[in-house]
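work.tsv (TSV, C-alpha atoms)
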```tsv
chain	number	residue	atom	x	y	z
A	1	MET	CA	-19.36	9.66	-28.65
A	2	ALA	CA	-21.45	7.43	-26.39
A	3	TYR	CA	-21.85	8.47	-22.78
A	4	ARG	CA	-22.78	6.61	-19.61
A	5	LYS	CA	-24.60	8.35	-16.80
A	6	PHE	CA	-24.55	7.04	-13.24
A	7	LYS	CA	-26.77	8.14	-10.34
A	8	ALA	CA	-26.81	6.77	-6.80
A	9	GLN	CA	-27.72	7.88	-3.28
A	10	GLN	CA	-24.29	9.54	-3.02
A	11	ILE	CA	-21.24	10.20	-5.15
A	12	PHE	CA	-17.81	10.28	-3.54
A	13	THR	CA	-15.58	12.34	-5.82
A	14	GLY	CA	-12.23	11.38	-4.33
A	15	THR	CA	-12.38	14.21	-1.80
A	16	THR	CA	-16.05	15.03	-1.18
A	17	MET	CA	-19.30	13.14	-0.66
A	18	LEU	CA	-22.03	14.59	-2.87
A	19	PRO	CA	-25.77	14.01	-2.30
A	20	GLY	CA	-27.96	11.99	-4.64
A	21	ASN	CA	-29.08	14.81	-6.91
A	22	HIS	CA	-25.87	14.48	-8.93
A	23	VAL	CA	-25.02	12.37	-11.96
A	24	LEU	CA	-21.59	11.13	-12.98
A	25	VAL	CA	-21.05	11.30	-16.75
A	26	THR	CA	-18.30	9.28	-18.46
A	27	ASP	CA	-17.58	8.09	-21.97
A	28	ASP	CA	-18.05	4.40	-22.72
A	29	LYS	CA	-14.43	3.68	-21.69
A	30	GLY	CA	-14.83	5.34	-18.31
A	31	THR	CA	-13.12	8.68	-18.92
A	32	VAL	CA	-14.82	11.26	-16.74
A	33	GLU	CA	-16.70	13.98	-18.57
A	34	ALA	CA	-18.45	15.76	-15.70
A	35	ILE	CA	-20.57	15.55	-12.57
A	36	VAL	CA	-23.82	17.41	-13.22
A	37	ASP	CA	-27.12	18.13	-11.53
A	38	ALA	CA	-29.61	15.34	-12.20
A	39	ALA	CA	-32.04	17.86	-13.69
A	40	GLU	CA	-29.49	18.65	-16.40
A	41	ALA	CA	-28.36	15.08	-17.14
A	42	GLY	CA	-31.02	14.17	-19.68
A	43	ASP	CA	-32.09	10.61	-20.47
A	44	GLY	CA	-30.34	7.27	-20.14
A	45	ILE	CA	-29.34	7.57	-16.48
A	46	GLU	CA	-28.33	4.31	-14.76
A	47	GLN	CA	-29.89	4.35	-11.29
A	48	LEU	CA	-27.81	2.47	-8.70
A	49	ASN	CA	-28.29	1.67	-5.03
A	50	GLY	CA	-25.47	2.84	-2.79
A	51	MET	CA	-22.63	5.27	-3.37
A	52	LEU	CA	-20.42	5.77	-6.39
A	53	THR	CA	-16.69	6.01	-5.80
A	54	PRO	CA	-13.56	6.00	-7.94
A	55	GLY	CA	-11.77	2.66	-8.19
A	56	PHE	CA	-9.77	1.66	-5.13
A	57	ILE	CA	-5.99	1.73	-4.78
A	58	ASN	CA	-4.34	-1.15	-2.92
A	59	SER	CA	-1.17	0.65	-1.90
A	60	HIS	CA	0.55	-2.37	-0.37
A	61	CYS	CA	0.24	-5.94	-1.59
A	62	HIS	CA	2.41	-9.04	-1.99
A	63	LEU	CA	0.65	-10.67	-4.94
A	64	GLU	CA	3.48	-13.19	-5.30
A	65	LEU	CA	2.53	-14.73	-1.92
A	66	SER	CA	-1.08	-15.47	-2.87
A	67	HIS	CA	-0.39	-19.20	-2.84
A	68	MET	CA	0.26	-19.02	0.92
A	69	LYS	CA	-3.35	-18.19	1.85
A	70	GLY	CA	-4.25	-19.85	5.16
A	71	LEU	CA	-0.85	-21.50	5.48
A	72	ILE	CA	0.44	-19.50	8.46
A	73	PRO	CA	-1.67	-19.40	11.65
A	74	GLU	CA	-2.93	-16.06	12.96
A	75	HIS	CA	-1.26	-14.21	15.84
A	76	THR	CA	2.18	-15.78	15.49
A	77	GLY	CA	3.91	-12.44	15.96
A	78	LEU	CA	6.13	-10.92	13.30
A	79	VAL	CA	9.33	-12.92	13.82
A	80	ASP	CA	7.66	-16.31	13.47
A	81	PHE	CA	5.53	-15.01	10.62
A	82	VAL	CA	8.62	-13.85	8.68
A	83	PHE	CA	10.41	-17.13	9.40
A	84	ASN	CA	7.41	-19.07	8.08
A	85	ILE	CA	7.30	-16.93	4.93
A	86	VAL	CA	10.97	-17.53	4.20
A	87	THR	CA	10.86	-21.27	4.88
A	88	GLN	CA	7.43	-22.15	3.43
A	89	ARG	CA	7.00	-19.95	0.34
A	90	HIS	CA	8.54	-22.39	-2.15
A	91	PHE	CA	5.72	-24.07	-4.10
A	92	ALA	CA	5.54	-25.46	-7.62
A	93	GLU	CA	5.58	-22.57	-10.09
A	94	ASP	CA	2.25	-23.50	-11.69
A	95	GLU	CA	0.55	-23.33	-8.27
A	96	ILE	CA	2.08	-19.92	-7.61
A	97	LEU	CA	1.03	-18.55	-11.01
A	98	LEU	CA	-2.55	-19.80	-10.58
A	99	ALA	CA	-2.78	-18.20	-7.15
A	100	ILE	CA	-1.42	-14.91	-8.57
A	101	GLN	CA	-4.14	-14.96	-11.23
A	102	LYS	CA	-6.86	-15.66	-8.65
A	103	GLY	CA	-5.51	-12.90	-6.41
A	104	GLU	CA	-5.70	-10.39	-9.24
A	105	ASP	CA	-9.19	-11.65	-10.16
A	106	GLU	CA	-10.29	-10.93	-6.59
A	107	MET	CA	-8.89	-7.40	-6.62
A	108	LEU	CA	-10.47	-6.67	-10.00
A	109	ALA	CA	-13.88	-7.94	-8.89
A	110	ASN	CA	-13.79	-5.80	-5.75
A	111	GLY	CA	-13.21	-2.50	-7.47
A	112	ILE	CA	-9.43	-2.19	-7.18
A	113	VAL	CA	-7.83	-0.42	-10.16
A	114	ALA	CA	-4.18	-0.06	-9.05
A	115	VAL	CA	-1.77	-1.86	-6.77
A	116	GLY	CA	1.52	-1.07	-5.05
A	117	ASP	CA	3.01	-4.54	-5.28
A	118	ILE	CA	6.06	-5.91	-3.49
A	119	CYS	CA	8.26	-8.02	-5.78
A	120	ASN	CA	10.96	-10.44	-4.65
A	121	ASN	CA	10.90	-12.30	-7.95
A	122	THR	CA	9.48	-11.95	-11.47
A	123	LEU	CA	6.63	-14.46	-11.15
A	124	THR	CA	3.92	-11.78	-11.32
A	125	ILE	CA	5.15	-10.28	-14.59
A	126	THR	CA	3.11	-12.54	-16.90
A	127	GLN	CA	-0.12	-11.63	-15.12
A	128	LYS	CA	0.72	-7.94	-14.99
A	129	GLN	CA	1.40	-7.84	-18.74
A	130	GLN	CA	-2.32	-8.34	-19.29
A	131	GLN	CA	-2.74	-4.76	-17.96
A	132	ARG	CA	-6.02	-5.45	-16.21
A	133	LEU	CA	-4.77	-3.42	-13.23
A	134	ALA	CA	-2.19	-0.68	-12.94
A	135	TYR	CA	0.85	-1.65	-10.84
A	136	TYR	CA	3.67	0.17	-9.13
A	137	ASN	CA	6.24	-2.58	-8.64
A	138	PHE	CA	8.40	-2.25	-5.54
A	139	ILE	CA	11.49	-4.37	-6.15
A	140	GLU	CA	12.20	-5.37	-2.58
A	141	VAL	CA	15.80	-5.44	-1.37
A	142	SER	CA	17.03	-6.95	1.89
A	143	GLY	CA	20.31	-8.00	3.45
A	144	TRP	CA	21.17	-7.42	7.12
A	145	ASN	CA	24.70	-8.79	6.79
A	146	PRO	CA	26.84	-6.05	5.16
A	147	GLN	CA	28.87	-8.69	3.33
A	148	VAL	CA	25.90	-9.58	1.11
A	149	ALA	CA	25.02	-5.97	0.23
A	150	THR	CA	26.60	-5.86	-3.22
A	151	ALA	CA	25.22	-9.24	-4.30
A	152	ARG	CA	21.69	-8.39	-3.10
A	153	PHE	CA	21.80	-4.99	-4.78
A	154	GLU	CA	22.96	-6.42	-8.12
A	155	ARG	CA	20.26	-9.08	-8.01
A	156	ALA	CA	17.61	-6.42	-7.37
A	157	LYS	CA	18.94	-4.25	-10.20
A	158	ASP	CA	18.64	-7.17	-12.60
A	159	MET	CA	15.06	-7.74	-11.50
A	160	TYR	CA	14.29	-4.03	-11.78
A	161	ALA	CA	15.56	-4.08	-15.35
A	162	GLN	CA	13.14	-6.87	-16.27
A	163	TYR	CA	10.15	-4.85	-15.04
A	164	ALA	CA	11.40	-1.57	-16.50
A	165	MET	CA	12.05	-3.17	-19.90
A	166	LEU	CA	8.30	-3.85	-20.08
A	167	ASN	CA	7.51	-0.19	-19.28
A	168	MET	CA	6.18	-1.07	-15.84
A	169	GLN	CA	6.43	1.51	-13.07
A	170	CYS	CA	8.94	0.31	-10.51
A	171	SER	CA	11.47	1.30	-7.87
A	172	LEU	CA	14.12	-0.33	-5.73
A	173	SER	CA	12.76	-0.37	-2.18
A	174	PRO	CA	14.26	-1.50	1.14
A	175	HIS	CA	12.31	-4.29	2.82
A	176	ALA	CA	12.46	-3.08	6.43
A	177	PRO	CA	14.80	-1.27	8.84
A	178	TYR	CA	15.74	-4.56	10.52
A	179	SER	CA	16.72	-6.25	7.23
A	180	VAL	CA	18.82	-3.61	5.43
A	181	SER	CA	22.41	-2.88	6.47
A	182	ASP	CA	23.98	0.57	6.14
A	183	ALA	CA	26.11	-0.80	3.30
A	184	LEU	CA	22.97	-1.80	1.40
A	185	TRP	CA	21.26	1.51	2.17
A	186	ASN	CA	24.26	3.31	0.66
A	187	LEU	CA	23.85	1.37	-2.58
A	188	LEU	CA	20.10	1.94	-2.73
A	189	GLN	CA	19.89	5.66	-2.01
A	190	GLU	CA	21.13	6.96	-5.35
A	191	ASN	CA	18.20	5.16	-7.02
A	192	PHE	CA	15.43	6.91	-5.07
A	193	SER	CA	15.17	10.20	-6.96
A	194	GLY	CA	11.86	10.63	-8.76
A	195	LYS	CA	10.49	7.36	-7.38
A	196	THR	CA	7.97	6.22	-4.81
A	197	VAL	CA	10.01	4.18	-2.34
A	198	THR	CA	8.34	1.97	0.23
A	199	ILE	CA	9.44	0.28	3.45
A	200	HIS	CA	7.77	-1.85	6.14
A	201	ASN	CA	7.84	0.45	9.17
A	202	GLN	CA	7.41	-0.23	12.90
A	203	GLU	CA	5.24	-3.27	12.33
A	204	THR	CA	6.09	-4.70	15.74
A	205	SER	CA	6.70	-3.27	19.20
A	206	PHE	CA	10.27	-4.57	19.40
A	207	GLU	CA	11.48	-3.00	16.15
A	208	ASP	CA	12.51	0.08	18.13
A	209	ASP	CA	14.30	-2.13	20.69
A	210	LEU	CA	16.75	-3.29	18.03
A	211	PHE	CA	17.80	0.25	17.20
A	212	MET	CA	17.65	1.65	20.72
A	213	THR	CA	19.50	-1.09	22.57
A	214	ALA	CA	20.19	-4.04	20.20
A	215	THR	CA	17.67	-6.15	22.10
A	216	GLY	CA	14.26	-7.65	21.36
A	217	ASP	CA	12.86	-10.53	19.36
A	218	PHE	CA	14.68	-9.70	16.14
A	219	ILE	CA	17.81	-11.10	17.79
A	220	ARG	CA	15.98	-14.43	17.93
A	221	MET	CA	15.02	-14.07	14.27
A	222	TYR	CA	18.65	-13.53	13.23
A	223	GLU	CA	19.60	-16.63	15.18
A	224	LEU	CA	16.80	-18.69	13.62
A	225	MET	CA	17.79	-17.59	10.13
A	226	LYS	CA	21.53	-17.70	10.81
A	227	ILE	CA	21.98	-14.05	9.81
A	228	GLU	CA	25.09	-12.27	11.05
A	229	HIS	CA	25.92	-8.60	11.45
A	230	PRO	CA	28.84	-8.60	13.91
A	231	SER	CA	29.60	-4.91	13.40
A	232	TYR	CA	26.05	-3.70	14.17
A	233	LYS	CA	25.78	-0.97	16.77
A	234	PRO	CA	22.44	0.44	17.98
A	235	THR	CA	21.74	4.07	17.12
A	236	GLY	CA	20.02	4.87	20.40
A	237	LYS	CA	17.08	6.22	18.38
A	238	SER	CA	13.81	4.73	17.21
A	239	SER	CA	13.74	2.57	14.13
A	240	LEU	CA	12.19	5.32	11.98
A	241	GLN	CA	14.59	7.99	13.19
A	242	SER	CA	17.49	5.66	12.44
A	243	TYR	CA	16.74	5.31	8.73
A	244	PHE	CA	14.21	7.89	7.51
A	245	ASN	CA	16.71	10.56	6.46
A	246	LYS	CA	18.03	8.05	3.90
A	247	MET	CA	14.68	8.30	2.07
A	248	ALA	CA	14.63	12.09	1.86
A	249	HIS	CA	15.44	12.18	-1.87
A	250	ALA	CA	12.56	9.92	-2.90
A	251	ALA	CA	9.67	11.58	-4.72
A	252	ASN	CA	7.32	9.81	-2.28
A	253	ALA	CA	8.09	7.85	0.89
A	254	LEU	CA	5.48	5.14	1.52
A	255	LEU	CA	5.72	3.81	5.09
A	256	VAL	CA	3.75	0.60	5.53
A	257	HIS	CA	2.00	-0.77	8.65
A	258	ASN	CA	3.12	1.83	11.25
A	259	THR	CA	1.40	-0.31	13.87
A	260	PHE	CA	3.66	0.92	16.67
A	261	ILE	CA	4.70	4.37	15.39
A	262	LYS	CA	5.08	7.06	18.03
A	263	GLU	CA	4.11	10.72	17.87
A	264	GLN	CA	7.71	11.92	17.90
A	265	ASP	CA	8.42	9.76	14.85
A	266	ILE	CA	5.55	11.28	12.89
A	267	VAL	CA	6.89	14.76	13.71
A	268	TYR	CA	10.40	13.63	12.74
A	269	THR	CA	9.30	12.77	9.19
A	270	GLN	CA	8.07	16.31	8.89
A	271	GLN	CA	11.30	17.80	10.16
A	272	ILE	CA	13.40	15.78	7.70
A	273	MET	CA	11.37	17.29	4.86
A	274	ASN	CA	12.21	20.77	6.25
A	275	LEU	CA	8.61	21.82	6.66
A	276	PRO	CA	7.29	24.00	9.49
A	277	ILE	CA	5.23	22.02	11.98
A	278	ALA	CA	2.12	24.12	11.32
A	279	THR	CA	1.82	22.97	7.71
A	280	GLY	CA	0.97	19.39	8.58
A	281	ILE	CA	2.82	16.28	7.45
A	282	ALA	CA	5.14	16.45	4.46
A	283	SER	CA	3.12	16.12	1.26
A	284	ASN	CA	5.29	13.32	-0.06
A	285	VAL	CA	5.18	11.06	3.02
A	286	PHE	CA	2.39	8.48	3.01
A	287	PHE	CA	1.41	6.16	5.85
A	288	CYS	CA	-0.11	2.89	4.63
A	289	LEU	CA	-2.50	1.01	6.92
A	290	CYS	CA	-3.07	-2.75	6.53
A	291	VAL	CA	-5.35	-3.28	9.50
A	292	ASN	CA	-6.48	-6.82	8.77
A	293	ALA	CA	-2.87	-7.96	8.37
A	294	ASN	CA	-1.87	-6.20	11.60
A	295	LEU	CA	-4.62	-8.09	13.42
A	296	TYR	CA	-3.66	-11.34	11.67
A	297	ILE	CA	0.02	-11.18	12.61
A	298	GLU	CA	0.34	-9.10	15.79
A	299	ASN	CA	-3.31	-8.80	16.89
A	300	ALA	CA	-2.77	-5.04	17.07
A	301	LEU	CA	-4.06	-1.94	15.30
A	302	PRO	CA	-2.15	1.16	14.13
A	303	PRO	CA	-2.71	4.47	15.96
A	304	ILE	CA	-5.12	5.94	13.42
A	305	ASP	CA	-6.26	8.74	15.72
A	306	LEU	CA	-2.64	9.83	16.18
A	307	LEU	CA	-1.97	9.83	12.43
A	308	ARG	CA	-5.13	11.87	11.87
A	309	LYS	CA	-4.16	14.31	14.62
A	310	HIS	CA	-1.05	15.18	12.60
A	311	HIS	CA	-2.94	15.36	9.28
A	312	CYS	CA	-0.94	12.50	7.83
A	313	ASN	CA	-1.43	11.30	4.28
A	314	ILE	CA	-3.04	7.91	4.97
A	315	VAL	CA	-3.47	5.20	2.34
A	316	LEU	CA	-4.74	1.62	2.53
A	317	GLY	CA	-3.29	-1.76	1.65
A	318	THR	CA	-4.13	-5.42	2.11
A	319	ASP	CA	-0.67	-6.93	2.60
A	320	SER	CA	-0.64	-10.54	1.32
A	321	LEU	CA	-2.94	-13.54	1.45
A	322	ALA	CA	-0.34	-15.06	3.77
A	323	SER	CA	-1.37	-12.44	6.34
A	324	ASN	CA	-4.95	-11.62	5.34
A	325	HIS	CA	-8.14	-13.41	4.39
A	326	SER	CA	-8.71	-11.29	1.27
A	327	LEU	CA	-7.17	-8.75	-1.11
A	328	ASN	CA	-10.26	-6.56	-0.82
A	329	ILE	CA	-9.82	-2.91	0.16
A	330	VAL	CA	-13.48	-2.75	1.20
A	331	ASP	CA	-12.68	-5.34	3.89
A	332	GLU	CA	-10.03	-2.91	5.17
A	333	ILE	CA	-12.56	-0.06	5.15
A	334	ARG	CA	-15.07	-2.18	7.08
A	335	LYS	CA	-12.50	-3.07	9.72
A	336	ILE	CA	-11.46	0.56	10.18
A	337	THR	CA	-15.07	1.74	10.54
A	338	ALA	CA	-15.70	-1.01	13.10
A	339	HIS	CA	-12.72	-0.06	15.28
A	340	PHE	CA	-12.64	3.69	14.61
A	341	PRO	CA	-16.32	4.67	14.16
A	342	SER	CA	-15.62	8.38	14.63
A	343	VAL	CA	-13.64	8.60	11.37
A	344	PRO	CA	-15.91	9.92	8.59
A	345	LEU	CA	-16.46	7.45	5.76
A	346	ALA	CA	-15.59	10.08	3.16
A	347	GLU	CA	-12.17	10.48	4.77
A	348	ILE	CA	-11.51	6.73	4.69
A	349	LEU	CA	-12.64	6.58	1.06
A	350	GLN	CA	-10.12	9.29	0.21
A	351	TRP	CA	-7.40	7.14	1.78
A	352	ALA	CA	-8.55	4.29	-0.49
A	353	THR	CA	-8.73	6.35	-3.68
A	354	LEU	CA	-7.06	9.71	-4.27
A	355	ASN	CA	-4.43	9.40	-1.54
A	356	GLY	CA	-3.40	6.00	-2.85
A	357	ALA	CA	-3.20	7.30	-6.40
A	358	ARG	CA	-0.97	10.14	-5.24
A	359	ALA	CA	1.28	7.77	-3.30
A	360	LEU	CA	1.77	5.60	-6.40
A	361	GLN	CA	2.23	8.61	-8.71
A	362	MET	CA	-0.92	7.70	-10.63
A	363	ASP	CA	-3.18	10.62	-9.69
A	364	ASP	CA	-3.02	12.06	-13.21
A	365	LYS	CA	-5.36	9.23	-14.26
A	366	LEU	CA	-6.76	7.59	-11.12
A	367	GLY	CA	-8.17	8.39	-7.71
A	368	SER	CA	-10.91	10.97	-8.36
A	369	PHE	CA	-13.81	11.87	-10.61
A	370	GLU	CA	-12.11	14.74	-12.42
A	371	LYS	CA	-12.60	15.53	-16.09
A	372	GLY	CA	-10.19	13.58	-18.28
A	373	LYS	CA	-9.32	10.94	-15.68
A	374	GLN	CA	-10.21	7.26	-16.08
A	375	PRO	CA	-10.36	6.22	-12.42
A	376	GLY	CA	-12.82	3.33	-12.63
A	377	VAL	CA	-16.39	3.53	-11.31
A	378	VAL	CA	-17.42	1.45	-8.32
A	379	CYS	CA	-20.80	1.17	-6.61
A	380	LEU	CA	-20.50	0.51	-2.88
A	381	SER	CA	-23.58	-0.33	-0.83
A	382	GLN	CA	-24.41	2.03	1.99
A	383	ASP	CA	-23.71	-0.65	4.60
A	384	LEU	CA	-20.38	-1.52	2.88
A	385	SER	CA	-21.49	-5.12	2.45
A	386	GLN	CA	-21.40	-5.18	-1.35
A	387	VAL	CA	-19.14	-3.72	-4.02
A	388	LYS	CA	-19.78	-3.73	-7.74
A	389	ARG	CA	-17.38	-2.57	-10.41
A	390	MET	CA	-19.25	-0.58	-13.07
A	391	LEU	CA	-16.28	0.42	-15.28
```
Conversion result in structure tokens:
Amino acid sequence: MAYRKFKAQQIFTGTTMLPGNHVLVTDDKGTVEAIVDAAEAGDGIEQLNGMLTPGFINSHCHLELSHMKGLIPEHTGLVDFVFNIVTQRHFAEDEILLAIQKGEDEMLANGIVAVGDICNNTLTITQKQQQRLAYYNFIEVSGWNPQVATARFERAKDMYAQYAMLNMQCSLSPHAPYSVSDALWNLLQENFSGKTVTIHNQETSFEDDLFMTATGDFIRMYELMKIEHPSYKPTGKSSLQSYFNKMAHAANALLVHNTFIKEQDIVYTQQIMNLPIATGIASNVFFCLCVNANLYIENALPPIDLLRKHHCNIVLGTDSLASNHSLNIVDEIRKITAHFPSVPLAEILQWATLNGARALQMDDKLGSFEKGKQPGVVCLSQDLSQVKRML
């Protein structure tokens, strides 16, 4: 068997940053054999400049929106952004498919090995069948008007079947608290067991207003989009505390954005999972940060220090090219280090690798340099300016 041996200034294992006297050994297909002392590695070592890391996990992406790059101005706020997505996303299919291919090319070139991808249609299937990246396909379901719940659920089930028939990992996932009625939640819940289920969470400051007092800018969105829910009554609780118990039976709950999450909501997720406060956040709740998209849409950043205070499982995503300038996880890492310089780089890299693999139920193969895994090998320059995929 042929082996490849990689040495750099540092090796990030998925959990730990090792100094430069170590060598990563893989077979020629990238399956990890060992990490050994350089003195024991023998000949044929490939010397690289920078740090070695497992391939990155993009835990939240909308690949199907890649054709909308640059179409929506920055800082519109969420309501106008969503309205623009709904009204402007319809392009010729060949343009959409080409943009999907280019989006995947970009992720591949920048060291991404797996993607948690939001699916509102089946247009990404052809590209995904090439198996260049691993995907967890979140079949997104929405419907604020209870009268459309059954029709929306049946449509999503049909779409789910098309992905599942091709042996692609997938789940039915609610779009957001403000777009899923209780009737639709009731239909979705029985499908959560054993799955990673994702939801856009507290992406805007007025999401809580809707559930506390039935006020805020989502009322304007419903009017713009002519969406009715005449029987809706506010819960008097935050958005997260109004829905999160409905996700308790999912294998993993992946909460995306969390730009305006409060401390009591983080603690609430822990209580729902019946864990004592001292143990830290529930092991199957993951908080996905998409910082560049948050800045693009709301010009705001999530409370990373608060999430770290409660030992949350943090993962990283890019969102879509409609709300970001790239699908590059390293761009997300750069932005986090610029705004939160006290966070150790090794911790952020774990968010981008092993934590993401765990969230997408792919950590048996991806996320860390452990014997038998095939996580991809990426060389990242020390200043984070360059990324090169080695395997």
Next on the checklist: Counting all atoms listed in the file, which residue out of A:Ile125, A:Val79, A:Ile45, A:Met51 sits closest to Glu298 of chain A?
Outcome noted: A:Val79
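Restricting the calculation to all atoms listed in the file, the smallest distance between Thr122 of chain A and any of A:Gln162, A:Asn84, A:Thr150, A:Ser142 is found for A:Gln162.
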Next on the checklist: Given the point (-13.7, 6.2, 1.6) in the file's coordinates, find the residues that have an atom at most 12 Å from it, counting all atoms listed in the file, and give them as an MDAnalysis selection string.
Outcome noted: chainID A and resid 11:17 51:57 314:316 329:334 336:337 343:356 367:368 378:380 382 384
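Put simply, atom CA of Glu207 of chain A is 7.2 Å away from atom CA of Tyr178 of chain A.
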Next on the checklist: Counting only C-alpha atoms, find residues at most 8 Å from (-28.7, 8.7, -4.4) (file frame) and give them as JSON, numbers by chain.
Outcome noted: {"A": [7, 8, 9, 10, 11, 19, 20, 21, 22, 48, 49, 50, 51]}
Checklist entry - Which residues come within 7 Å of Cys290 of chain A, counting only C-alpha atoms, excluding same-chain residues fewer than 6 positions away, as number ranges by chain? => result A: 257, 316-319
Checklist entry - Leaving out Ala2 of chain A and any residue of its chain fewer than 5 positions from it, which residues lie within 10 Å of it when counting all atoms listed in the file, given as an NGL selection string? => result :A and (26-29)
Checklist outcome for this item: Computed gap from atom CA of Lys226 of chain A to atom CA of Phe138 of chain A is 26.0 Å
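You will find atom CA of Ala151 of chain A at 29.2 Å from atom CA of Asn258 of chain A.
Proximity to Ile112 of chain A was assessed for A:Ser283, A:Asn328, A:Ser320, A:Asn313 counting only C-alpha atoms; the smallest distance is recorded for A:Asn328.
Taking only C-alpha atoms into account, His339 of chain A lies nearest to A:Pro302 out of the set A:Gly30, A:Gly42, A:Pro302, A:Pro375.
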Neighbours of Asn294 of chain A within 8 Å (all atoms listed in the file; same-chain residues fewer than 5 positions away dropped), as an mmCIF file with C-alpha atoms, in the coordinates of the input?
```
data_model
loop_
_atom_site.group_PDB
_atom_site.id
_atom_site.type_symbol
_atom_site.label_atom_id
_atom_site.label_comp_id
_atom_site.auth_asym_id
_atom_site.auth_seq_id
_atom_site.Cartn_x
_atom_site.Cartn_y
_atom_site.Cartn_z
ATOM 1 C CA GLU A 203 5.240 -3.270 12.330
ATOM 2 C CA HIS A 257 2.000 -0.770 8.650
ATOM 3 C CA THR A 259 1.400 -0.310 13.870
ATOM 4 C CA ASN A 299 -3.310 -8.800 16.890
ATOM 5 C CA ALA A 300 -2.770 -5.040 17.070
ATOM 6 C CA LEU A 301 -4.060 -1.940 15.300
ATOM 7 C CA PRO A 302 -2.150 1.160 14.130
#
```
Checklist entry - Using all atoms listed in the file, which residue out of A:Gln361, A:Thr31, A:Asn121, A:Asn186 lies closest to Tyr243 of chain A? => result A:Asn186
Item to check | Minimum-distance residue to Ala293 of chain A, chosen among A:Ala322, A:Met168, A:Met68, A:Ala214 (using only C-alpha atoms) | outcome: A:Ala322
Who sits within 10 Å of segment 88-105 of chain A, all atoms listed in the file, same chain under 6 positions skipped, as a PDB file with C-alpha atoms, keeping the file's coordinate frame:
```pdb
ATOM      1  CA  HIS A  62       2.410  -9.040  -1.990  1.00  0.00           C
ATOM      2  CA  LEU A  63       0.650 -10.670  -4.940  1.00  0.00           C
ATOM      3  CA  GLU A  64       3.480 -13.190  -5.300  1.00  0.00           C
ATOM      4  CA  LEU A  65       2.530 -14.730  -1.920  1.00  0.00           C
ATOM      5  CA  SER A  66      -1.080 -15.470  -2.870  1.00  0.00           C
ATOM      6  CA  HIS A  67      -0.390 -19.200  -2.840  1.00  0.00           C
ATOM      7  CA  MET A  68       0.260 -19.020   0.920  1.00  0.00           C
ATOM      8  CA  LYS A  69      -3.350 -18.190   1.850  1.00  0.00           C
ATOM      9  CA  LEU A  71      -0.850 -21.500   5.480  1.00  0.00           C
ATOM     10  CA  ILE A  72       0.440 -19.500   8.460  1.00  0.00           C
ATOM     11  CA  VAL A  82       8.620 -13.850   8.680  1.00  0.00           C
ATOM     12  CA  ILE A 112      -9.430  -2.190  -7.180  1.00  0.00           C
ATOM     13  CA  VAL A 115      -1.770  -1.860  -6.770  1.00  0.00           C
ATOM     14  CA  LEU A 123       6.630 -14.460 -11.150  1.00  0.00           C
ATOM     15  CA  THR A 124       3.920 -11.780 -11.320  1.00  0.00           C
ATOM     16  CA  ILE A 125       5.150 -10.280 -14.590  1.00  0.00           C
ATOM     17  CA  THR A 126       3.110 -12.540 -16.900  1.00  0.00           C
ATOM     18  CA  GLN A 127      -0.120 -11.630 -15.120  1.00  0.00           C
ATOM     19  CA  LYS A 128       0.720  -7.940 -14.990  1.00  0.00           C
ATOM     20  CA  ARG A 132      -6.020  -5.450 -16.210  1.00  0.00           C
ATOM     21  CA  LEU A 133      -4.770  -3.420 -13.230  1.00  0.00           C
ATOM     22  CA  SER A 320      -0.640 -10.540   1.320  1.00  0.00           C
ATOM     23  CA  LEU A 321      -2.940 -13.540   1.450  1.00  0.00           C
ATOM     24  CA  ALA A 322      -0.340 -15.060   3.770  1.00  0.00           C
ATOM     25  CA  SER A 326      -8.710 -11.290   1.270  1.00  0.00           C
ATOM     26  CA  LEU A 327      -7.170  -8.750  -1.110  1.00  0.00           C
ATOM     27  CA  ASN A 328     -10.260  -6.560  -0.820  1.00  0.00           C
TER      28      ASN A 328
END
```
Checklist entry - Got a sec: who's within 10 Å of Gly44 of chain A, counting only C-alpha atoms, leaving out chain neighbours fewer than 3 positions off, as a PyMOL selection string? => result chain A and resi 3-6+41+47
